[in-house]
>>> print(open('start-v8.pdb').read())   # PDB, C-alpha atoms, pLDDT in the B column
ATOM      1  CA  MET E1486     -29.915 -19.557  10.620  1.00 71.00           C
ATOM      2  CA  LYS E1487     -27.232 -18.764  13.195  1.00 77.00           C
ATOM      3  CA  GLU E1488     -24.576 -18.400  10.447  1.00 80.00           C
ATOM      4  CA  TRP E1489     -26.764 -15.956   8.497  1.00 85.00           C
ATOM      5  CA  PHE E1490     -27.313 -13.842  11.577  1.00 88.00           C
ATOM      6  CA  LEU E1491     -23.594 -13.705  12.351  1.00 88.00           C
ATOM      7  CA  SER E1492     -22.800 -12.812   8.729  1.00 90.00           C
ATOM      8  CA  GLY E1493     -25.382 -10.036   8.878  1.00 90.00           C
ATOM      9  CA  VAL E1494     -23.957  -8.639  12.105  1.00 91.00           C
ATOM     10  CA  ILE E1495     -20.391  -8.701  10.761  1.00 93.00           C
ATOM     11  CA  GLY E1496     -21.475  -7.128   7.460  1.00 91.00           C
ATOM     12  CA  ALA E1497     -23.450  -4.388   9.212  1.00 93.00           C
ATOM     13  CA  PHE E1498     -20.483  -3.619  11.460  1.00 94.00           C
ATOM     14  CA  LEU E1499     -18.015  -3.454   8.550  1.00 93.00           C
ATOM     15  CA  LEU E1500     -20.302  -1.307   6.387  1.00 92.00           C
ATOM     16  CA  SER E1501     -21.041   1.063   9.267  1.00 93.00           C
ATOM     17  CA  THR E1502     -17.321   1.340  10.011  1.00 94.00           C
ATOM     18  CA  PHE E1503     -16.574   2.044   6.331  1.00 93.00           C
ATOM     19  CA  HIS E1504     -19.280   4.738   6.193  1.00 92.00           C
ATOM     20  CA  PHE E1505     -17.988   6.361   9.351  1.00 94.00           C
ATOM     21  CA  LEU E1506     -14.360   6.330   8.230  1.00 94.00           C
ATOM     22  CA  TYR E1507     -14.616   7.040   4.504  1.00 95.00           C
ATOM     23  CA  GLY E1508     -18.132   8.341   3.836  1.00 94.00           C
ATOM     24  CA  GLU E1509     -20.992   7.042   1.731  1.00 93.00           C
ATOM     25  CA  GLY E1510     -21.776   6.865  -1.944  1.00 92.00           C
ATOM     26  CA  PRO E1511     -20.593   5.048  -5.058  1.00 94.00           C
ATOM     27  CA  ALA E1512     -17.686   7.456  -5.647  1.00 94.00           C
ATOM     28  CA  ARG E1513     -16.282   6.738  -2.162  1.00 94.00           C
ATOM     29  CA  TYR E1514     -16.662   2.978  -2.642  1.00 94.00           C
ATOM     30  CA  LEU E1515     -14.912   3.091  -6.006  1.00 96.00           C
ATOM     31  CA  ALA E1516     -12.153   5.421  -4.784  1.00 96.00           C
ATOM     32  CA  MET E1517     -11.374   3.270  -1.755  1.00 96.00           C
ATOM     33  CA  THR E1518     -11.567   0.085  -3.853  1.00 96.00           C
ATOM     34  CA  LEU E1519      -9.017   1.570  -6.259  1.00 96.00           C
ATOM     35  CA  PHE E1520      -6.896   2.673  -3.312  1.00 97.00           C
ATOM     36  CA  GLY E1521      -7.030  -0.839  -1.812  1.00 96.00           C
ATOM     37  CA  LEU E1522      -6.203  -2.472  -5.139  1.00 97.00           C
ATOM     38  CA  LEU E1523      -3.152  -0.215  -5.576  1.00 96.00           C
ATOM     39  CA  ILE E1524      -1.946  -1.151  -2.103  1.00 96.00           C
ATOM     40  CA  THR E1525      -2.485  -4.846  -2.832  1.00 96.00           C
ATOM     41  CA  MET E1526      -0.643  -4.620  -6.156  1.00 95.00           C
ATOM     42  CA  ASP E1527       2.207  -2.736  -4.460  1.00 93.00           C
ATOM     43  CA  TRP E1528       2.510  -5.506  -1.859  1.00 93.00           C
ATOM     44  CA  ILE E1529       2.437  -8.254  -4.510  1.00 94.00           C
ATOM     45  CA  ALA E1530       5.051  -6.581  -6.708  1.00 92.00           C
ATOM     46  CA  GLY E1531       7.218  -5.614  -3.712  1.00 90.00           C
ATOM     47  CA  TYR E1532       7.146  -9.149  -2.334  1.00 90.00           C
ATOM     48  CA  ARG E1533       8.071 -10.598  -5.714  1.00 91.00           C
ATOM     49  CA  ALA E1534      10.845  -8.044  -6.283  1.00 88.00           C
ATOM     50  CA  SER E1535      12.362  -8.670  -2.837  1.00 85.00           C
ATOM     51  CA  LYS E1536      12.322 -12.425  -3.430  1.00 86.00           C
ATOM     52  CA  ILE E1537      14.051 -11.964  -6.797  1.00 86.00           C
ATOM     53  CA  ASP E1538      16.804  -9.637  -5.558  1.00 80.00           C
ATOM     54  CA  GLY E1539      17.265 -11.505  -2.269  1.00 77.00           C
ATOM     55  CA  SER E1540      16.420  -8.559  -0.031  1.00 74.00           C
ATOM     56  CA  TYR E1541      13.298 -10.093   1.532  1.00 75.00           C
ATOM     57  CA  ALA E1542      13.174  -9.572   5.293  1.00 70.00           C
ATOM     58  CA  SER E1543      10.165 -10.339   7.463  1.00 69.00           C
ATOM     59  CA  GLU E1544      10.920  -7.366   9.712  1.00 70.00           C
ATOM     60  CA  TYR E1545      10.605  -5.012   6.755  1.00 71.00           C
ATOM     61  CA  GLY E1546       7.310  -6.695   5.828  1.00 75.00           C
ATOM     62  CA  ILE E1547       5.971  -6.246   9.361  1.00 81.00           C
ATOM     63  CA  ASN E1548       6.889  -2.559   9.231  1.00 84.00           C
ATOM     64  CA  GLY E1549       5.095  -2.433   5.876  1.00 85.00           C
ATOM     65  CA  GLY E1550       1.934  -3.649   7.594  1.00 88.00           C
ATOM     66  CA  PHE E1551       2.039  -0.707   9.993  1.00 92.00           C
ATOM     67  CA  ARG E1552       2.790   1.644   7.108  1.00 92.00           C
ATOM     68  CA  THR E1553      -0.204   0.276   5.189  1.00 93.00           C
ATOM     69  CA  ALA E1554      -2.489   0.774   8.199  1.00 94.00           C
ATOM     70  CA  PHE E1555      -1.269   4.384   8.428  1.00 96.00           C
ATOM     71  CA  ILE E1556      -1.887   4.937   4.712  1.00 95.00           C
ATOM     72  CA  LEU E1557      -5.404   3.468   4.970  1.00 95.00           C
ATOM     73  CA  LEU E1558      -6.246   5.732   7.906  1.00 96.00           C
ATOM     74  CA  MET E1559      -5.168   8.980   6.210  1.00 96.00           C
ATOM     75  CA  PRO E1560      -8.242   9.224   3.904  1.00 97.00           C
ATOM     76  CA  ALA E1561     -10.387   8.443   6.962  1.00 97.00           C
ATOM     77  CA  ILE E1562      -8.844  11.413   8.749  1.00 97.00           C
ATOM     78  CA  GLY E1563      -9.564  13.505   5.670  1.00 97.00           C
ATOM     79  CA  ASN E1564     -13.204  12.401   5.688  1.00 97.00           C
ATOM     80  CA  LEU E1565     -13.562  13.213   9.370  1.00 96.00           C
ATOM     81  CA  VAL E1566     -11.969  16.658   8.861  1.00 97.00           C
ATOM     82  CA  ASP E1567     -14.392  17.267   5.978  1.00 97.00           C
ATOM     83  CA  ASN E1568     -17.318  16.314   8.210  1.00 95.00           C
ATOM     84  CA  VAL E1569     -16.152  18.593  11.036  1.00 96.00           C
ATOM     85  CA  ALA E1570     -15.495  21.514   8.665  1.00 96.00           C
ATOM     86  CA  GLY E1571     -18.617  20.909   6.575  1.00 95.00           C
ATOM     87  CA  MET E1572     -16.655  20.475   3.340  1.00 94.00           C
ATOM     88  CA  PRO E1573     -17.781  18.181   0.503  1.00 91.00           C
ATOM     89  CA  GLY E1574     -14.872  15.745   0.522  1.00 93.00           C
ATOM     90  CA  THR E1575     -12.043  18.180  -0.177  1.00 96.00           C
ATOM     91  CA  VAL E1576      -9.517  16.943   2.399  1.00 97.00           C
ATOM     92  CA  PHE E1577     -10.540  13.318   1.784  1.00 97.00           C
ATOM     93  CA  GLY E1578      -9.945  13.736  -1.954  1.00 96.00           C
ATOM     94  CA  PHE E1579      -6.628  15.519  -1.473  1.00 97.00           C
ATOM     95  CA  LEU E1580      -5.247  12.896   0.923  1.00 97.00           C
ATOM     96  CA  LEU E1581      -6.544  10.048  -1.226  1.00 96.00           C
ATOM     97  CA  ALA E1582      -4.889  11.527  -4.323  1.00 96.00           C
ATOM     98  CA  ALA E1583      -1.613  12.348  -2.552  1.00 96.00           C
ATOM     99  CA  PHE E1584      -1.214   8.924  -0.966  1.00 96.00           C
ATOM    100  CA  GLY E1585      -2.591   7.231  -4.087  1.00 95.00           C
ATOM    101  CA  LEU E1586       0.138   8.864  -6.192  1.00 94.00           C
ATOM    102  CA  HIS E1587       2.791   7.698  -3.734  1.00 92.00           C
ATOM    103  CA  ILE E1588       1.409   4.145  -3.771  1.00 94.00           C
ATOM    104  CA  TRP E1589       1.230   4.167  -7.586  1.00 93.00           C
ATOM    105  CA  LYS E1590       4.896   5.225  -7.783  1.00 92.00           C
ATOM    106  CA  SER E1591       5.914   2.542  -5.295  1.00 91.00           C
ATOM    107  CA  MET E1592       3.879  -0.123  -7.080  1.00 92.00           C
ATOM    108  CA  THR E1593       5.275   0.827 -10.494  1.00 93.00           C
ATOM    109  CA  ALA E1594       8.856   0.822  -9.164  1.00 90.00           C
ATOM    110  CA  ASN E1595       8.268  -2.598  -7.582  1.00 90.00           C
ATOM    111  CA  VAL E1596       6.852  -3.909 -10.860  1.00 92.00           C
ATOM    112  CA  ILE E1597      10.030  -2.757 -12.621  1.00 91.00           C
ATOM    113  CA  ARG E1598      12.228  -4.322  -9.889  1.00 88.00           C
ATOM    114  CA  ALA E1599      10.278  -7.574 -10.207  1.00 90.00           C
ATOM    115  CA  GLY E1600      11.197  -7.760 -13.889  1.00 90.00           C
ATOM    116  CA  TRP E1601       7.715  -7.028 -15.205  1.00 91.00           C
ATOM    117  CA  ASP E1602       8.814  -3.782 -16.840  1.00 88.00           C
ATOM    118  CA  LYS E1603       7.695  -4.857 -20.323  1.00 90.00           C
ATOM    119  CA  TRP E1604       4.141  -4.010 -19.190  1.00 89.00           C
ATOM    120  CA  VAL E1605       5.096  -0.552 -17.920  1.00 90.00           C
ATOM    121  CA  PRO E1606       4.809   2.303 -20.428  1.00 91.00           C
ATOM    122  CA  GLY E1607       7.913   4.411 -21.002  1.00 91.00           C
ATOM    123  CA  TRP E1608       6.341   7.565 -19.564  1.00 93.00           C
ATOM    124  CA  ALA E1609       5.565   5.692 -16.332  1.00 91.00           C
ATOM    125  CA  MET E1610       9.144   4.404 -16.110  1.00 88.00           C
ATOM    126  CA  ASN E1611      10.417   7.954 -16.462  1.00 89.00           C
ATOM    127  CA  ALA E1612       7.972   9.185 -13.826  1.00 91.00           C
ATOM    128  CA  VAL E1613       9.185   6.674 -11.236  1.00 90.00           C
ATOM    129  CA  SER E1614      12.900   6.488 -12.074  1.00 88.00           C
ATOM    130  CA  ASP E1615      13.870   8.165  -8.779  1.00 90.00           C
ATOM    131  CA  GLU E1616      11.694   5.716  -6.841  1.00 88.00           C
ATOM    132  CA  VAL E1617      13.299   2.754  -8.656  1.00 86.00           C
ATOM    133  CA  GLU E1618      16.797   4.012  -7.768  1.00 88.00           C
ATOM    134  CA  HIS E1619      15.756   4.538  -4.142  1.00 87.00           C
ATOM    135  CA  LYS E1620      14.228   1.054  -3.895  1.00 82.00           C
ATOM    136  CA  LEU E1621      17.274  -0.575  -5.501  1.00 83.00           C
ATOM    137  CA  ALA E1622      19.642   1.187  -3.090  1.00 85.00           C
ATOM    138  CA  ARG E1623      17.472   0.177  -0.125  1.00 81.00           C
ATOM    139  CA  ALA E1624      17.310  -3.434  -1.376  1.00 80.00           C
ATOM    140  CA  ILE E1625      21.106  -3.599  -1.705  1.00 82.00           C
ATOM    141  CA  LYS E1626      21.507  -2.203   1.821  1.00 82.00           C
ATOM    142  CA  ARG E1627      18.982  -4.695   3.266  1.00 77.00           C
ATOM    143  CA  LYS E1628      20.694  -7.560   1.446  1.00 77.00           C
ATOM    144  CA  GLN E1629      24.080  -6.539   2.895  1.00 79.00           C
ATOM    145  CA  GLU E1630      22.606  -6.202   6.400  1.00 75.00           C
ATOM    146  CA  LYS E1631      20.892  -9.563   6.025  1.00 70.00           C
ATOM    147  CA  GLY E1632      24.167 -11.193   4.958  1.00 71.00           C
ATOM    148  CA  LYS E1633      26.038  -9.634   7.863  1.00 72.00           C
ATOM    149  CA  TYR E1634      23.339 -10.670  10.362  1.00 69.00           C
ATOM    150  CA  LEU E1635      23.209 -14.239   9.084  1.00 67.00           C
ATOM    151  CA  GLY E1636      26.984 -14.589   9.308  1.00 64.00           C
ATOM    152  CA  GLY E1637      27.855 -14.252   5.653  1.00 53.00           C
ATOM    153  CA  ASP E1638      30.021 -11.170   6.258  1.00 48.00           C
ATOM    154  CA  GLN E1639      31.621 -11.372   9.700  1.00 44.00           C
ATOM    155  CA  LYS E1640      34.255  -8.719  10.353  1.00 43.00           C
TER     156      LYS E1640
END
>>> encode(input="start-v8.pdb", output="structure tokens")
Amino acid sequence: MKEWFLSGVIGAFLLSTFHFLYGEGPARYLAMTLFGLLITMDWIAGYRASKIDGSYASEYGINGGFRTAFILLMPAIGNLVDNVAGMPGTVFGFLLAAFGLHIWKSMTANVIRAGWDKWVPGWAMNAVSDEVEHKLARAIKRKQEKGKYLGGDQK
């Protein structure tokens, strides 16, 4: 009985927090679920790509955690602005779409870097080619810094 009560309290707190931050209704649940899935897929593909190209660094991953928290809070800010201004989800939708597009580009570029590009349509590869180049350049730089820090390139 005690476990059920605790589960109920935790569930009520999380649902109330979600409603306060992102709003209510099936469209909000689906939109934020999609948003969360994109973030998760971006993390999975980015982790795999960094392991493959040798640029994995825990410090960069920790910074990614803060970046993810920021990205998750932006739609919440949009929802709160909509509530204050009495708008029907305009700012929420705009911020969700803007950050969602950025996450989709990052996730697609990470998928390509991870070597899973055979599942990426050609039009998507073209759409994220700049992001792929940026991520590759950043990975090369991190790998060089990592080698220098670990003593592989002492000058």
>>> closest_residue(input="start-v8.pdb", among="E:Ile1524, E:His1504, E:Thr1593, E:Met1517", to="Trp1608 in chain E", atoms="only C-alpha atoms")
E:Thr1593
>>> closest_residue(input="start-v8.pdb", among="E:Thr1575, E:Ser1535, E:Thr1502, E:Ser1492", to="Arg1623 in chain E", atoms="all atoms listed in the file")
E:Ser1535
>>> atom_distance(input="start-v8.pdb", atom1="CA of Pro1606 in chain E", atom2="CA of Ala1530 in chain E")
16.3 Å
>>> closest_residue(input="start-v8.pdb", among="E:Val1576, E:Ile1537, E:Ile1588, E:Leu1581", to="Arg1552 in chain E", atoms="all atoms listed in the file")
E:Ile1588
>>> atom_distance(input="start-v8.pdb", atom1="CA of Ala1609 in chain E", atom2="CA of His1587 in chain E")
13.1 Å
>>> closest_residue(input="start-v8.pdb", among="E:Gly1600, E:Gly1607, E:Gly1546, E:Gly1632", to="Arg1533 in chain E", atoms="only C-alpha atoms")
E:Gly1600
>>> closest_residue(input="start-v8.pdb", among="E:Ala1516, E:Val1605, E:Ala1624, E:Met1486", to="Gly1585 in chain E", atoms="all atoms listed in the file")
E:Ala1516
>>> closest_residue(input="start-v8.pdb", among="E:Val1569, E:Met1592, E:Ala1612, E:Ile1562", to="Trp1528 in chain E", atoms="all atoms listed in the file")
E:Met1592
>>> resolve_selection(input="start-v8.pdb", expression="the PyMOL selection byres ((chain E and resi 1628) around 10)", output="PyMOL selection string")
chain E and resi 1535+1538-1542+1622-1627+1629-1634
>>> write_last_selection(input="start-v8.pdb", atoms="C-alpha atoms", output="tab-separated table (two decimals), keeping the file's coordinate frame")
chain	number	residue	atom	x	y	z
E	1535	SER	CA	12.36	-8.67	-2.84
E	1538	ASP	CA	16.80	-9.64	-5.56
E	1539	GLY	CA	17.26	-11.50	-2.27
E	1540	SER	CA	16.42	-8.56	-0.03
E	1541	TYR	CA	13.30	-10.09	1.53
E	1542	ALA	CA	13.17	-9.57	5.29
E	1622	ALA	CA	19.64	1.19	-3.09
E	1623	ARG	CA	17.47	0.18	-0.12
E	1624	ALA	CA	17.31	-3.43	-1.38
E	1625	ILE	CA	21.11	-3.60	-1.70
E	1626	LYS	CA	21.51	-2.20	1.82
E	1627	ARG	CA	18.98	-4.70	3.27
E	1629	GLN	CA	24.08	-6.54	2.90
E	1630	GLU	CA	22.61	-6.20	6.40
E	1631	LYS	CA	20.89	-9.56	6.02
E	1632	GLY	CA	24.17	-11.19	4.96
E	1633	LYS	CA	26.04	-9.63	7.86
E	1634	TYR	CA	23.34	-10.67	10.36
>>> axis_aligned_box(input="start-v8.pdb", around="range 1525-1529 of chain E", padding_each_side="4 Å", output="JSON")
{"center_x": 0.0, "center_y": -5.5, "center_z": -4.0, "size_x": 13.0, "size_y": 13.5, "size_z": 12.3}
>>> atom_distance(input="start-v8.pdb", atom1="CA of Val1596 in chain E", atom2="CA of Lys1536 in chain E")
12.6 Å
>>> resolve_selection(input="start-v8.pdb", expression="the PyMOL selection byres ((chain E and resi 1560) around 8)", output="list in words")
Tyr1507, Ile1556, Leu1557, Leu1558, Met1559, Ala1561, Ile1562, Gly1563, Asn1564, Val1576, Phe1577, Gly1578, Leu1580 and Leu1581 of chain E
>>> resolve_selection(input="start-v8.pdb", expression="the PyMOL selection byres ((chain E and resi 1614) around 12)", output="ChimeraX atom specification")
/E:1590-1591,1593-1595,1597-1598,1607-1613,1615-1621
>>> decode(input="start-v8.pdb", residues="range 1617-1630 of chain E", atoms="N, CA and C atoms", output="tab-separated table (two decimals), in the first residue's frame")
chain	number	residue	atom	x	y	z
E	1617	VAL	N	26.70	18.43	-40.88
E	1617	VAL	CA	27.65	17.31	-40.90
E	1617	VAL	C	29.08	17.85	-40.94
E	1618	GLU	N	29.33	18.83	-41.82
E	1618	GLU	CA	30.67	19.41	-41.93
E	1618	GLU	C	31.09	20.06	-40.61
E	1619	HIS	N	30.16	20.77	-39.98
E	1619	HIS	CA	30.45	21.43	-38.70
E	1619	HIS	C	30.78	20.39	-37.63
E	1620	LYS	N	30.00	19.33	-37.56
E	1620	LYS	CA	30.22	18.28	-36.56
E	1620	LYS	C	31.54	17.55	-36.81
E	1621	LEU	N	31.86	17.29	-38.07
E	1621	LEU	CA	33.13	16.63	-38.38
E	1621	LEU	C	34.31	17.49	-37.98
E	1622	ALA	N	34.25	18.79	-38.28
E	1622	ALA	CA	35.33	19.70	-37.91
E	1622	ALA	C	35.49	19.77	-36.40
E	1623	ARG	N	34.36	19.83	-35.68
E	1623	ARG	CA	34.41	19.88	-34.22
E	1623	ARG	C	34.96	18.58	-33.65
E	1624	ALA	N	34.60	17.44	-34.26
E	1624	ALA	CA	35.10	16.15	-33.79
E	1624	ALA	C	36.61	16.05	-33.98
E	1625	ILE	N	37.10	16.52	-35.12
E	1625	ILE	CA	38.54	16.49	-35.39
E	1625	ILE	C	39.28	17.37	-34.37
E	1626	LYS	N	38.72	18.55	-34.09
E	1626	LYS	CA	39.34	19.45	-33.12
E	1626	LYS	C	39.36	18.82	-31.73
E	1627	ARG	N	38.24	18.21	-31.31
E	1627	ARG	CA	38.18	17.57	-29.99
E	1627	ARG	C	39.17	16.41	-29.91
E	1628	LYS	N	39.28	15.66	-31.01
E	1628	LYS	CA	40.21	14.52	-31.02
E	1628	LYS	C	41.65	15.00	-30.88
E	1629	GLN	N	42.00	16.11	-31.55
E	1629	GLN	CA	43.34	16.66	-31.44
E	1629	GLN	C	43.60	17.18	-30.03
E	1630	GLU	N	42.61	17.87	-29.45
E	1630	GLU	CA	42.76	18.38	-28.08
E	1630	GLU	C	42.88	17.24	-27.09
